[in-house]
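protein00.pdb, holding PDB, C-alpha atoms, pLDDT in the B column:
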ATOM      1  CA  MET F  29       8.870   0.400  33.285  1.00 67.00           C
ATOM      2  CA  MET F  30       8.057  -2.707  31.328  1.00 76.00           C
ATOM      3  CA  ASP F  31       5.303  -4.821  32.831  1.00 84.00           C
ATOM      4  CA  LYS F  32       5.580  -8.549  33.068  1.00 87.00           C
ATOM      5  CA  ILE F  33       2.534 -10.789  32.872  1.00 89.00           C
ATOM      6  CA  ASP F  34       1.674 -13.135  35.714  1.00 91.00           C
ATOM      7  CA  PHE F  35      -0.603 -15.660  33.978  1.00 90.00           C
ATOM      8  CA  LEU F  36      -1.709 -17.381  37.173  1.00 86.00           C
ATOM      9  CA  SER F  37      -2.653 -14.109  38.903  1.00 88.00           C
ATOM     10  CA  LEU F  38      -4.486 -12.944  35.797  1.00 90.00           C
ATOM     11  CA  ALA F  39      -6.355 -16.246  35.754  1.00 89.00           C
ATOM     12  CA  LYS F  40      -7.989 -15.247  39.062  1.00 89.00           C
ATOM     13  CA  LYS F  41      -9.639 -12.323  37.261  1.00 90.00           C
ATOM     14  CA  LEU F  42     -11.377 -14.519  34.675  1.00 90.00           C
ATOM     15  CA  LYS F  43     -15.137 -13.938  34.790  1.00 87.00           C
ATOM     16  CA  GLY F  44     -16.014 -17.610  34.302  1.00 83.00           C
ATOM     17  CA  PRO F  45     -15.561 -20.634  32.094  1.00 85.00           C
ATOM     18  CA  TRP F  46     -15.386 -20.064  28.321  1.00 84.00           C
ATOM     19  CA  GLU F  47     -14.901 -16.298  28.676  1.00 86.00           C
ATOM     20  CA  PRO F  48     -11.290 -15.809  27.555  1.00 87.00           C
ATOM     21  CA  MET F  49      -9.396 -12.685  28.529  1.00 89.00           C
ATOM     22  CA  GLU F  50      -7.057 -11.104  26.000  1.00 87.00           C
ATOM     23  CA  VAL F  51      -3.636 -11.015  27.644  1.00 89.00           C
ATOM     24  CA  LEU F  52      -1.654  -9.372  24.878  1.00 83.00           C
ATOM     25  CA  ARG F  53      -1.200  -9.068  21.127  1.00 84.00           C
ATOM     26  CA  ILE F  54       1.976  -9.940  19.236  1.00 83.00           C
ATOM     27  CA  ASP F  55       1.929  -7.827  16.066  1.00 81.00           C
ATOM     28  CA  GLY F  56      -1.848  -8.339  16.068  1.00 76.00           C
ATOM     29  CA  TYR F  57      -1.887 -12.002  17.088  1.00 86.00           C
ATOM     30  CA  HIS F  58      -3.849 -12.655  20.258  1.00 90.00           C
ATOM     31  CA  VAL F  59      -2.673 -14.471  23.356  1.00 91.00           C
ATOM     32  CA  LEU F  60      -5.712 -15.394  25.415  1.00 91.00           C
ATOM     33  CA  LEU F  61      -6.116 -16.847  28.866  1.00 92.00           C
ATOM     34  CA  ALA F  62      -9.190 -18.928  29.606  1.00 91.00           C
ATOM     35  CA  LEU F  63     -10.806 -20.994  32.287  1.00 91.00           C
ATOM     36  CA  PHE F  64     -12.036 -24.339  30.951  1.00 93.00           C
ATOM     37  CA  ASP F  65     -14.641 -25.956  33.174  1.00 92.00           C
ATOM     38  CA  GLY F  66     -17.390 -28.289  32.058  1.00 94.00           C
ATOM     39  CA  GLU F  67     -18.202 -28.450  28.368  1.00 92.00           C
ATOM     40  CA  TYR F  68     -18.323 -25.828  25.608  1.00 91.00           C
ATOM     41  CA  LYS F  69     -20.206 -25.890  22.269  1.00 90.00           C
ATOM     42  CA  PHE F  70     -18.975 -27.349  18.959  1.00 93.00           C
ATOM     43  CA  HIS F  71     -17.450 -24.644  16.762  1.00 93.00           C
ATOM     44  CA  LYS F  72     -14.668 -24.003  14.278  1.00 94.00           C
ATOM     45  CA  HIS F  73     -12.501 -21.072  13.186  1.00 93.00           C
ATOM     46  CA  ASP F  74     -11.171 -19.704   9.902  1.00 93.00           C
ATOM     47  CA  GLY F  75      -7.591 -19.895  11.203  1.00 91.00           C
ATOM     48  CA  GLU F  76      -5.385 -22.102  13.342  1.00 91.00           C
ATOM     49  CA  GLU F  77      -5.450 -22.033  17.133  1.00 92.00           C
ATOM     50  CA  MET F  78      -2.918 -23.259  19.659  1.00 93.00           C
ATOM     51  CA  PHE F  79      -3.894 -24.436  23.132  1.00 94.00           C
ATOM     52  CA  TYR F  80      -1.376 -24.739  25.994  1.00 95.00           C
ATOM     53  CA  VAL F  81      -2.421 -26.072  29.402  1.00 95.00           C
ATOM     54  CA  ILE F  82      -0.993 -23.948  32.230  1.00 94.00           C
ATOM     55  CA  LYS F  83      -2.880 -25.675  35.066  1.00 94.00           C
ATOM     56  CA  GLY F  84      -5.221 -28.662  35.067  1.00 96.00           C
ATOM     57  CA  GLU F  85      -6.283 -31.078  32.349  1.00 97.00           C
ATOM     58  CA  ILE F  86      -8.510 -30.565  29.316  1.00 96.00           C
ATOM     59  CA  GLU F  87      -9.993 -32.441  26.378  1.00 97.00           C
ATOM     60  CA  ILE F  88     -10.471 -31.155  22.853  1.00 95.00           C
ATOM     61  CA  GLU F  89     -13.208 -33.268  21.276  1.00 95.00           C
ATOM     62  CA  LEU F  90     -12.982 -33.514  17.486  1.00 94.00           C
ATOM     63  CA  LYS F  91     -15.245 -35.367  15.068  1.00 90.00           C
ATOM     64  CA  ASN F  92     -13.473 -38.728  15.272  1.00 90.00           C
ATOM     65  CA  GLU F  93     -11.169 -38.441  18.246  1.00 93.00           C
ATOM     66  CA  THR F  94     -10.525 -36.638  21.493  1.00 95.00           C
ATOM     67  CA  VAL F  95      -7.196 -35.012  22.319  1.00 95.00           C
ATOM     68  CA  LYS F  96      -6.399 -35.091  26.048  1.00 96.00           C
ATOM     69  CA  LEU F  97      -3.991 -32.474  27.325  1.00 96.00           C
ATOM     70  CA  LYS F  98      -2.277 -32.241  30.687  1.00 95.00           C
ATOM     71  CA  GLU F  99      -0.262 -29.448  32.269  1.00 95.00           C
ATOM     72  CA  GLY F 100       2.654 -28.472  30.019  1.00 92.00           C
ATOM     73  CA  GLU F 101       1.015 -29.966  26.910  1.00 93.00           C
ATOM     74  CA  GLY F 102      -0.244 -28.111  23.875  1.00 93.00           C
ATOM     75  CA  PHE F 103      -2.106 -28.736  20.649  1.00 92.00           C
ATOM     76  CA  LEU F 104      -2.407 -26.997  17.297  1.00 92.00           C
ATOM     77  CA  LEU F 105      -5.974 -27.128  16.061  1.00 93.00           C
ATOM     78  CA  PRO F 106      -6.088 -26.917  12.255  1.00 91.00           C
ATOM     79  CA  LYS F 107      -8.215 -24.307  10.484  1.00 92.00           C
ATOM     80  CA  ASP F 108     -11.898 -25.204   9.872  1.00 94.00           C
ATOM     81  CA  THR F 109     -11.861 -28.085  12.368  1.00 94.00           C
ATOM     82  CA  ALA F 110     -15.004 -28.562  14.430  1.00 95.00           C
ATOM     83  CA  HIS F 111     -14.130 -28.954  18.093  1.00 95.00           C
ATOM     84  CA  ARG F 112     -15.597 -28.833  21.568  1.00 94.00           C
ATOM     85  CA  SER F 113     -13.489 -28.158  24.637  1.00 94.00           C
ATOM     86  CA  LYS F 114     -14.084 -29.908  27.930  1.00 95.00           C
ATOM     87  CA  ALA F 115     -12.572 -30.015  31.400  1.00 96.00           C
ATOM     88  CA  ALA F 116     -13.612 -32.257  34.271  1.00 96.00           C
ATOM     89  CA  LYS F 117     -12.143 -29.756  36.739  1.00 94.00           C
ATOM     90  CA  PRO F 118     -11.363 -26.002  36.409  1.00 92.00           C
ATOM     91  CA  SER F 119      -8.286 -25.672  34.190  1.00 93.00           C
ATOM     92  CA  ILE F 120      -6.258 -22.669  33.008  1.00 93.00           C
ATOM     93  CA  VAL F 121      -5.428 -22.550  29.301  1.00 93.00           C
ATOM     94  CA  MET F 122      -3.382 -20.219  27.109  1.00 94.00           C
ATOM     95  CA  ALA F 123      -4.712 -19.919  23.553  1.00 93.00           C
ATOM     96  CA  ILE F 124      -3.002 -18.208  20.636  1.00 93.00           C
ATOM     97  CA  GLU F 125      -4.826 -17.207  17.477  1.00 91.00           C
ATOM     98  CA  ARG F 126      -5.072 -14.596  14.738  1.00 88.00           C
ATOM     99  CA  GLY F 127      -6.566 -11.305  15.847  1.00 83.00           C
ATOM    100  CA  ASN F 128      -9.713 -11.218  13.753  1.00 81.00           C
ATOM    101  CA  LEU F 129     -10.466 -14.925  13.958  1.00 85.00           C
ATOM    102  CA  ARG F 130     -13.983 -15.816  12.940  1.00 88.00           C
ATOM    103  CA  THR F 131     -15.974 -18.424  14.919  1.00 87.00           C
ATOM    104  CA  ILE F 132     -18.515 -20.622  13.158  1.00 90.00           C
ATOM    105  CA  TRP F 133     -20.965 -22.576  15.341  1.00 88.00           C
ATOM    106  CA  VAL F 134     -21.343 -26.197  14.303  1.00 87.00           C
ATOM    107  CA  HIS F 135     -24.719 -27.853  14.653  1.00 76.00           C
ATOM    108  CA  THR F 136     -24.741 -31.346  15.996  1.00 65.00           C
ATOM    109  CA  HIS F 137     -27.523 -33.893  16.115  1.00 55.00           C
ATOM    110  CA  THR F 138     -27.098 -34.553  19.792  1.00 52.00           C
ATOM    111  CA  LYS F 139     -29.159 -32.519  22.226  1.00 41.00           C
TER     112      LYS F 139
ATOM    113  CA  MET Z   3      -4.745 -38.863  14.553  1.00 68.00           C
ATOM    114  CA  MET Z   4      -4.016 -35.382  15.838  1.00 76.00           C
ATOM    115  CA  ASP Z   5      -0.752 -35.073  17.721  1.00 84.00           C
ATOM    116  CA  LYS Z   6      -0.491 -33.168  20.952  1.00 87.00           C
ATOM    117  CA  ILE Z   7       2.674 -31.359  21.978  1.00 90.00           C
ATOM    118  CA  ASP Z   8       4.434 -32.235  25.217  1.00 91.00           C
ATOM    119  CA  PHE Z   9       6.531 -29.121  25.807  1.00 90.00           C
ATOM    120  CA  LEU Z  10       8.538 -30.589  28.681  1.00 86.00           C
ATOM    121  CA  SER Z  11       9.444 -33.760  26.759  1.00 88.00           C
ATOM    122  CA  LEU Z  12      10.393 -31.679  23.725  1.00 90.00           C
ATOM    123  CA  ALA Z  13      12.579 -29.538  25.975  1.00 89.00           C
ATOM    124  CA  LYS Z  14      14.786 -32.600  26.579  1.00 89.00           C
ATOM    125  CA  LYS Z  15      15.626 -32.602  22.868  1.00 90.00           C
ATOM    126  CA  LEU Z  16      16.983 -29.056  22.867  1.00 90.00           C
ATOM    127  CA  LYS Z  17      20.584 -29.021  21.624  1.00 86.00           C
ATOM    128  CA  GLY Z  18      21.734 -26.432  24.144  1.00 83.00           C
ATOM    129  CA  PRO Z  19      21.166 -22.970  25.517  1.00 85.00           C
ATOM    130  CA  TRP Z  20      20.097 -20.242  23.062  1.00 84.00           C
ATOM    131  CA  GLU Z  21      19.257 -22.740  20.299  1.00 86.00           C
ATOM    132  CA  PRO Z  22      15.454 -22.545  20.097  1.00 87.00           C
ATOM    133  CA  MET Z  23      13.466 -25.344  18.511  1.00 89.00           C
ATOM    134  CA  GLU Z  24      10.461 -24.464  16.389  1.00 88.00           C
ATOM    135  CA  VAL Z  25       7.514 -26.264  17.970  1.00 89.00           C
ATOM    136  CA  LEU Z  26       4.772 -25.180  15.584  1.00 83.00           C
ATOM    137  CA  ARG Z  27       3.448 -22.366  13.423  1.00 83.00           C
ATOM    138  CA  ILE Z  28       0.053 -20.722  13.843  1.00 83.00           C
ATOM    139  CA  ASP Z  29      -0.858 -19.343  10.417  1.00 80.00           C
ATOM    140  CA  GLY Z  30       2.850 -18.599   9.975  1.00 76.00           C
ATOM    141  CA  TYR Z  31       3.542 -17.343  13.499  1.00 86.00           C
ATOM    142  CA  HIS Z  32       6.239 -19.305  15.284  1.00 90.00           C
ATOM    143  CA  VAL Z  33       6.011 -20.927  18.684  1.00 91.00           C
ATOM    144  CA  LEU Z  34       9.528 -21.707  19.867  1.00 91.00           C
ATOM    145  CA  LEU Z  35      10.859 -23.629  22.811  1.00 92.00           C
ATOM    146  CA  ALA Z  36      14.255 -22.675  24.209  1.00 91.00           C
ATOM    147  CA  LEU Z  37      16.668 -23.472  26.978  1.00 91.00           C
ATOM    148  CA  PHE Z  38      17.956 -20.333  28.691  1.00 93.00           C
ATOM    149  CA  ASP Z  39      21.159 -20.898  30.605  1.00 92.00           C
ATOM    150  CA  GLY Z  40      23.833 -18.322  31.295  1.00 94.00           C
ATOM    151  CA  GLU Z  41      23.811 -15.155  29.236  1.00 92.00           C
ATOM    152  CA  TYR Z  42      22.996 -14.387  25.611  1.00 91.00           C
ATOM    153  CA  LYS Z  43      24.073 -11.414  23.450  1.00 90.00           C
ATOM    154  CA  PHE Z  44      22.311  -8.051  23.127  1.00 93.00           C
ATOM    155  CA  HIS Z  45      20.021  -7.978  20.097  1.00 93.00           C
ATOM    156  CA  LYS Z  46      16.680  -6.664  18.858  1.00 94.00           C
ATOM    157  CA  HIS Z  47      14.001  -7.716  16.365  1.00 93.00           C
ATOM    158  CA  ASP Z  48      11.813  -5.982  13.796  1.00 93.00           C
ATOM    159  CA  GLY Z  49       8.672  -7.361  15.468  1.00 91.00           C
ATOM    160  CA  GLU Z  50       7.275  -8.095  18.897  1.00 91.00           C
ATOM    161  CA  GLU Z  51       8.189 -11.206  20.853  1.00 92.00           C
ATOM    162  CA  MET Z  52       6.461 -12.865  23.776  1.00 93.00           C
ATOM    163  CA  PHE Z  53       8.315 -14.896  26.388  1.00 94.00           C
ATOM    164  CA  TYR Z  54       6.577 -17.339  28.741  1.00 95.00           C
ATOM    165  CA  VAL Z  55       8.516 -19.230  31.416  1.00 95.00           C
ATOM    166  CA  ILE Z  56       7.516 -22.914  31.542  1.00 94.00           C
ATOM    167  CA  LYS Z  57      10.189 -24.008  34.044  1.00 94.00           C
ATOM    168  CA  GLY Z  58      12.794 -22.014  35.946  1.00 96.00           C
ATOM    169  CA  GLU Z  59      13.497 -18.320  36.203  1.00 97.00           C
ATOM    170  CA  ILE Z  60      14.911 -15.874  33.665  1.00 96.00           C
ATOM    171  CA  GLU Z  61      15.898 -12.238  33.264  1.00 97.00           C
ATOM    172  CA  ILE Z  62      15.416 -10.049  30.216  1.00 95.00           C
ATOM    173  CA  GLU Z  63      17.949  -7.240  30.475  1.00 95.00           C
ATOM    174  CA  LEU Z  64      16.913  -4.038  28.684  1.00 94.00           C
ATOM    175  CA  LYS Z  65      18.770  -0.754  28.369  1.00 90.00           C
ATOM    176  CA  ASN Z  66      17.501   0.796  31.609  1.00 90.00           C
ATOM    177  CA  GLU Z  67      15.926  -2.057  33.491  1.00 93.00           C
ATOM    178  CA  THR Z  68      15.814  -5.814  33.925  1.00 95.00           C
ATOM    179  CA  VAL Z  69      12.581  -7.805  33.805  1.00 95.00           C
ATOM    180  CA  LYS Z  70      12.663 -10.887  36.055  1.00 96.00           C
ATOM    181  CA  LEU Z  71      10.322 -13.709  35.159  1.00 96.00           C
ATOM    182  CA  LYS Z  72       9.393 -16.773  37.167  1.00 95.00           C
ATOM    183  CA  GLU Z  73       7.477 -19.903  36.189  1.00 95.00           C
ATOM    184  CA  GLY Z  74       4.026 -18.972  34.853  1.00 92.00           C
ATOM    185  CA  GLU Z  75       5.083 -15.402  34.020  1.00 93.00           C
ATOM    186  CA  GLY Z  76       5.395 -13.837  30.605  1.00 93.00           C
ATOM    187  CA  PHE Z  77       6.549 -10.638  28.957  1.00 92.00           C
ATOM    188  CA  LEU Z  78       5.881  -8.880  25.666  1.00 92.00           C
ATOM    189  CA  LEU Z  79       9.062  -7.371  24.308  1.00 93.00           C
ATOM    190  CA  PRO Z  80       8.296  -4.386  22.068  1.00 91.00           C
ATOM    191  CA  LYS Z  81       9.644  -4.179  18.513  1.00 92.00           C
ATOM    192  CA  ASP Z  82      13.154  -2.732  18.086  1.00 94.00           C
ATOM    193  CA  THR Z  83      14.029  -3.114  21.768  1.00 94.00           C
ATOM    194  CA  ALA Z  84      17.582  -4.143  22.563  1.00 95.00           C
ATOM    195  CA  HIS Z  85      17.617  -6.993  25.046  1.00 95.00           C
ATOM    196  CA  ARG Z  86      19.811  -9.709  26.489  1.00 94.00           C
ATOM    197  CA  SER Z  87      18.382 -12.841  28.061  1.00 94.00           C
ATOM    198  CA  LYS Z  88      19.910 -14.449  31.132  1.00 95.00           C
ATOM    199  CA  ALA Z  89      19.228 -17.383  33.418  1.00 96.00           C
ATOM    200  CA  ALA Z  90      21.159 -18.320  36.557  1.00 96.00           C
ATOM    201  CA  LYS Z  91      19.993 -21.929  36.185  1.00 94.00           C
ATOM    202  CA  PRO Z  92      18.730 -23.894  33.122  1.00 92.00           C
ATOM    203  CA  SER Z  93      15.213 -22.656  32.346  1.00 92.00           C
ATOM    204  CA  ILE Z  94      12.633 -23.654  29.733  1.00 93.00           C
ATOM    205  CA  VAL Z  95      10.982 -20.816  27.831  1.00 93.00           C
ATOM    206  CA  MET Z  96       8.227 -20.612  25.213  1.00 94.00           C
ATOM    207  CA  ALA Z  97       8.675 -17.722  22.768  1.00 93.00           C
ATOM    208  CA  ILE Z  98       6.164 -16.537  20.184  1.00 93.00           C
ATOM    209  CA  GLU Z  99       7.095 -14.319  17.260  1.00 91.00           C
ATOM    210  CA  ARG Z 100       6.404 -13.552  13.611  1.00 88.00           C
ATOM    211  CA  GLY Z 101       7.715 -16.156  11.199  1.00 83.00           C
ATOM    212  CA  ASN Z 102      10.265 -14.122   9.286  1.00 81.00           C
ATOM    213  CA  LEU Z 103      11.463 -12.089  12.259  1.00 85.00           C
ATOM    214  CA  ARG Z 104      14.755 -10.323  11.651  1.00 88.00           C
ATOM    215  CA  THR Z 105      17.427 -10.221  14.375  1.00 87.00           C
ATOM    216  CA  ILE Z 106      19.750  -7.232  14.644  1.00 90.00           C
ATOM    217  CA  TRP Z 107      22.843  -7.604  16.846  1.00 88.00           C
ATOM    218  CA  VAL Z 108      23.400  -4.669  19.148  1.00 87.00           C
ATOM    219  CA  HIS Z 109      26.966  -3.595  19.906  1.00 76.00           C
ATOM    220  CA  THR Z 110      27.697  -2.671  23.467  1.00 66.00           C
ATOM    221  CA  HIS Z 111      30.729  -1.005  24.956  1.00 55.00           C
ATOM    222  CA  THR Z 112      31.218  -3.632  27.595  1.00 52.00           C
ATOM    223  CA  LYS Z 113      33.500  -6.569  26.849  1.00 41.00           C
TER     224      LYS Z 113
END
Please, can you express the file's structure as structure tokens?
Amino acid sequence: MMDKIDFLSLAKKLKGPWEPMEVLRIDGYHVLLALFDGEYKFHKHDGEEMFYVIKGEIEIELKNETVKLKEGEGFLLPKDTAHRSKAAKPSIVMAIERGNLRTIWVHTHTK
Amino acid sequence: MMDKIDFLSLAKKLKGPWEPMEVLRIDGYHVLLALFDGEYKFHKHDGEEMFYVIKGEIEIELKNETVKLKEGEGFLLPKDTAHRSKAAKPSIVMAIERGNLRTIWVHTHTK
């Protein structure tokens, strides 16, 4: 029996904002499900990352601009790009990235 | 300026059923958008493939079972697994797979 994946039911099992759950791997690539709520910290990765909004509305803040995404919209974040994710209300996001992606925290001058 | 991806608007540009459009690549992995409508042919791939239903309802027919997927549901098809996709009404699907995925047509005894 092959199991299907109910993203919205799985989303109910998320522990909290900014704690993605690994949903599956495609040949080693990770598909993650995350709750975005409030504001995360500035960071970057050594690989690309795709975001897709399943429910809600999010913002990906970059150095010089902010990308606003609604339900059904996605965004490919380039490698080595500092970003901070935000959501004014709880939002469910699918993220796809390389398995062993490295995260580098980016220091900012704002407190 | 970083461009976002509006999956539902892009879906309007699809040429027809079973003609996926490449939306983006994540480090070489492909994110495809496809219209499922009617029935496709039995085939398999030399890598895994994930399906995620954005709009509508689809069926992935396997040898011994059929996986039914509704909006917000996904499915990871194992490598080398013969399958045939179906949709009773036009449905929009996101598929994720390795860049140079090979497709092998599977002959069936039904006409």
Could you give me chain Z least-squares fitted onto chain F (all C-alpha atoms, paired in order), as a CSV table (one decimal) with C-alpha atoms, in the frame of the given file?
chain,number,residue,atom,x,y,z
Z,3,MET,CA,8.9,0.4,33.3
Z,4,MET,CA,8.1,-2.7,31.3
Z,5,ASP,CA,5.3,-4.8,32.8
Z,6,LYS,CA,5.6,-8.5,33.1
Z,7,ILE,CA,2.5,-10.8,32.9
Z,8,ASP,CA,1.7,-13.1,35.7
Z,9,PHE,CA,-0.6,-15.6,34.0
Z,10,LEU,CA,-1.7,-17.4,37.2
Z,11,SER,CA,-2.6,-14.1,38.9
Z,12,LEU,CA,-4.5,-12.9,35.8
Z,13,ALA,CA,-6.4,-16.2,35.8
Z,14,LYS,CA,-8.0,-15.3,39.1
Z,15,LYS,CA,-9.6,-12.3,37.3
Z,16,LEU,CA,-11.4,-14.5,34.7
Z,17,LYS,CA,-15.1,-14.0,34.8
Z,18,GLY,CA,-16.0,-17.6,34.3
Z,19,PRO,CA,-15.6,-20.6,32.1
Z,20,TRP,CA,-15.4,-20.1,28.3
Z,21,GLU,CA,-14.9,-16.3,28.7
Z,22,PRO,CA,-11.3,-15.8,27.6
Z,23,MET,CA,-9.4,-12.7,28.5
Z,24,GLU,CA,-7.1,-11.1,26.0
Z,25,VAL,CA,-3.7,-11.0,27.7
Z,26,LEU,CA,-1.7,-9.4,24.9
Z,27,ARG,CA,-1.2,-9.1,21.1
Z,28,ILE,CA,2.0,-9.9,19.2
Z,29,ASP,CA,1.9,-7.8,16.1
Z,30,GLY,CA,-1.9,-8.3,16.1
Z,31,TYR,CA,-1.9,-12.0,17.1
Z,32,HIS,CA,-3.9,-12.7,20.3
Z,33,VAL,CA,-2.7,-14.5,23.4
Z,34,LEU,CA,-5.7,-15.4,25.4
Z,35,LEU,CA,-6.1,-16.8,28.9
Z,36,ALA,CA,-9.2,-18.9,29.6
Z,37,LEU,CA,-10.8,-21.0,32.3
Z,38,PHE,CA,-12.0,-24.3,31.0
Z,39,ASP,CA,-14.6,-26.0,33.2
Z,40,GLY,CA,-17.4,-28.3,32.0
Z,41,GLU,CA,-18.2,-28.4,28.4
Z,42,TYR,CA,-18.3,-25.8,25.6
Z,43,LYS,CA,-20.2,-25.9,22.3
Z,44,PHE,CA,-19.0,-27.4,19.0
Z,45,HIS,CA,-17.4,-24.7,16.8
Z,46,LYS,CA,-14.7,-24.0,14.3
Z,47,HIS,CA,-12.5,-21.1,13.2
Z,48,ASP,CA,-11.2,-19.7,9.9
Z,49,GLY,CA,-7.6,-19.9,11.2
Z,50,GLU,CA,-5.4,-22.1,13.3
Z,51,GLU,CA,-5.5,-22.0,17.1
Z,52,MET,CA,-2.9,-23.3,19.7
Z,53,PHE,CA,-3.9,-24.4,23.1
Z,54,TYR,CA,-1.4,-24.7,26.0
Z,55,VAL,CA,-2.4,-26.1,29.4
Z,56,ILE,CA,-1.0,-23.9,32.2
Z,57,LYS,CA,-2.9,-25.7,35.1
Z,58,GLY,CA,-5.2,-28.7,35.1
Z,59,GLU,CA,-6.3,-31.1,32.4
Z,60,ILE,CA,-8.5,-30.6,29.3
Z,61,GLU,CA,-10.0,-32.4,26.4
Z,62,ILE,CA,-10.5,-31.2,22.8
Z,63,GLU,CA,-13.2,-33.3,21.3
Z,64,LEU,CA,-13.0,-33.5,17.5
Z,65,LYS,CA,-15.2,-35.4,15.1
Z,66,ASN,CA,-13.5,-38.7,15.3
Z,67,GLU,CA,-11.2,-38.4,18.2
Z,68,THR,CA,-10.5,-36.6,21.5
Z,69,VAL,CA,-7.2,-35.0,22.3
Z,70,LYS,CA,-6.4,-35.1,26.0
Z,71,LEU,CA,-4.0,-32.5,27.3
Z,72,LYS,CA,-2.3,-32.2,30.7
Z,73,GLU,CA,-0.3,-29.4,32.3
Z,74,GLY,CA,2.6,-28.5,30.0
Z,75,GLU,CA,1.0,-30.0,26.9
Z,76,GLY,CA,-0.2,-28.1,23.9
Z,77,PHE,CA,-2.1,-28.7,20.7
Z,78,LEU,CA,-2.4,-27.0,17.3
Z,79,LEU,CA,-6.0,-27.1,16.1
Z,80,PRO,CA,-6.1,-26.9,12.3
Z,81,LYS,CA,-8.2,-24.3,10.5
Z,82,ASP,CA,-11.9,-25.2,9.9
Z,83,THR,CA,-11.9,-28.1,12.4
Z,84,ALA,CA,-15.0,-28.6,14.4
Z,85,HIS,CA,-14.1,-29.0,18.1
Z,86,ARG,CA,-15.6,-28.8,21.6
Z,87,SER,CA,-13.5,-28.2,24.6
Z,88,LYS,CA,-14.1,-29.9,27.9
Z,89,ALA,CA,-12.6,-30.0,31.4
Z,90,ALA,CA,-13.6,-32.3,34.3
Z,91,LYS,CA,-12.1,-29.8,36.7
Z,92,PRO,CA,-11.4,-26.0,36.4
Z,93,SER,CA,-8.3,-25.7,34.2
Z,94,ILE,CA,-6.3,-22.7,33.0
Z,95,VAL,CA,-5.4,-22.5,29.3
Z,96,MET,CA,-3.4,-20.2,27.1
Z,97,ALA,CA,-4.7,-19.9,23.6
Z,98,ILE,CA,-3.0,-18.2,20.6
Z,99,GLU,CA,-4.8,-17.2,17.5
Z,100,ARG,CA,-5.1,-14.6,14.7
Z,101,GLY,CA,-6.6,-11.3,15.8
Z,102,ASN,CA,-9.7,-11.2,13.7
Z,103,LEU,CA,-10.4,-14.9,14.0
Z,104,ARG,CA,-14.0,-15.8,12.9
Z,105,THR,CA,-16.0,-18.4,14.9
Z,106,ILE,CA,-18.5,-20.6,13.2
Z,107,TRP,CA,-21.0,-22.6,15.3
Z,108,VAL,CA,-21.3,-26.2,14.3
Z,109,HIS,CA,-24.7,-27.8,14.7
Z,110,THR,CA,-24.7,-31.3,16.0
Z,111,HIS,CA,-27.5,-33.9,16.1
Z,112,THR,CA,-27.1,-34.6,19.8
Z,113,LYS,CA,-29.1,-32.6,22.3
Chain F residues within 9 Å of chain Z, counting all atoms listed in the file: which ones, as a PyMOL selection string?
chain F and resi 29-36+52-55+57+75-78+80+82+92-107+124-126
Go ahead and write the residues just picked, C-alpha atoms, as a short mmCIF file (atom, residue, chain, number, x, y, z; two decimals), in the frame of the given file.
data_model
loop_
_atom_site.label_atom_id
_atom_site.label_comp_id
_atom_site.auth_asym_id
_atom_site.auth_seq_id
_atom_site.Cartn_x
_atom_site.Cartn_y
_atom_site.Cartn_z
CA MET F 29 8.87 0.40 33.28
CA MET F 30 8.06 -2.71 31.33
CA ASP F 31 5.30 -4.82 32.83
CA LYS F 32 5.58 -8.55 33.07
CA ILE F 33 2.53 -10.79 32.87
CA ASP F 34 1.67 -13.14 35.71
CA PHE F 35 -0.60 -15.66 33.98
CA LEU F 36 -1.71 -17.38 37.17
CA LEU F 52 -1.65 -9.37 24.88
CA ARG F 53 -1.20 -9.07 21.13
CA ILE F 54 1.98 -9.94 19.24
CA ASP F 55 1.93 -7.83 16.07
CA TYR F 57 -1.89 -12.00 17.09
CA GLY F 75 -7.59 -19.90 11.20
CA GLU F 76 -5.38 -22.10 13.34
CA GLU F 77 -5.45 -22.03 17.13
CA MET F 78 -2.92 -23.26 19.66
CA TYR F 80 -1.38 -24.74 25.99
CA ILE F 82 -0.99 -23.95 32.23
CA ASN F 92 -13.47 -38.73 15.27
CA GLU F 93 -11.17 -38.44 18.25
CA THR F 94 -10.52 -36.64 21.49
CA VAL F 95 -7.20 -35.01 22.32
CA LYS F 96 -6.40 -35.09 26.05
CA LEU F 97 -3.99 -32.47 27.32
CA LYS F 98 -2.28 -32.24 30.69
CA GLU F 99 -0.26 -29.45 32.27
CA GLY F 100 2.65 -28.47 30.02
CA GLU F 101 1.01 -29.97 26.91
CA GLY F 102 -0.24 -28.11 23.88
CA PHE F 103 -2.11 -28.74 20.65
CA LEU F 104 -2.41 -27.00 17.30
CA LEU F 105 -5.97 -27.13 16.06
CA PRO F 106 -6.09 -26.92 12.26
CA LYS F 107 -8.22 -24.31 10.48
CA ILE F 124 -3.00 -18.21 20.64
CA GLU F 125 -4.83 -17.21 17.48
CA ARG F 126 -5.07 -14.60 14.74
#
Just the number, please: distance in Å from CA of Thr105 in chain Z to CA of Ile62 in chain Z, one decimal.
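Computed distance, CA of Thr105 in chain Z to CA of Ile62 in chain Z, equals 16.0 Å.
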Got a sec to resolve the PyMOL selection byres ((chain Z and resi 89) around 8) on this structure and send the residues as a PDB file with C-alpha atoms, in the frame of the given file?
ATOM      1  CA  PHE Z  38      17.956 -20.333  28.691  1.00 93.00           C
ATOM      2  CA  ASP Z  39      21.159 -20.898  30.605  1.00 92.00           C
ATOM      3  CA  GLY Z  40      23.833 -18.322  31.295  1.00 94.00           C
ATOM      4  CA  GLU Z  41      23.811 -15.155  29.236  1.00 92.00           C
ATOM      5  CA  GLU Z  59      13.497 -18.320  36.203  1.00 97.00           C
ATOM      6  CA  ILE Z  60      14.911 -15.874  33.665  1.00 96.00           C
ATOM      7  CA  GLU Z  61      15.898 -12.238  33.264  1.00 97.00           C
ATOM      8  CA  SER Z  87      18.382 -12.841  28.061  1.00 94.00           C
ATOM      9  CA  LYS Z  88      19.910 -14.449  31.132  1.00 95.00           C
ATOM     10  CA  ALA Z  90      21.159 -18.320  36.557  1.00 96.00           C
ATOM     11  CA  LYS Z  91      19.993 -21.929  36.185  1.00 94.00           C
ATOM     12  CA  PRO Z  92      18.730 -23.894  33.122  1.00 92.00           C
ATOM     13  CA  SER Z  93      15.213 -22.656  32.346  1.00 92.00           C
TER      14      SER Z  93
END
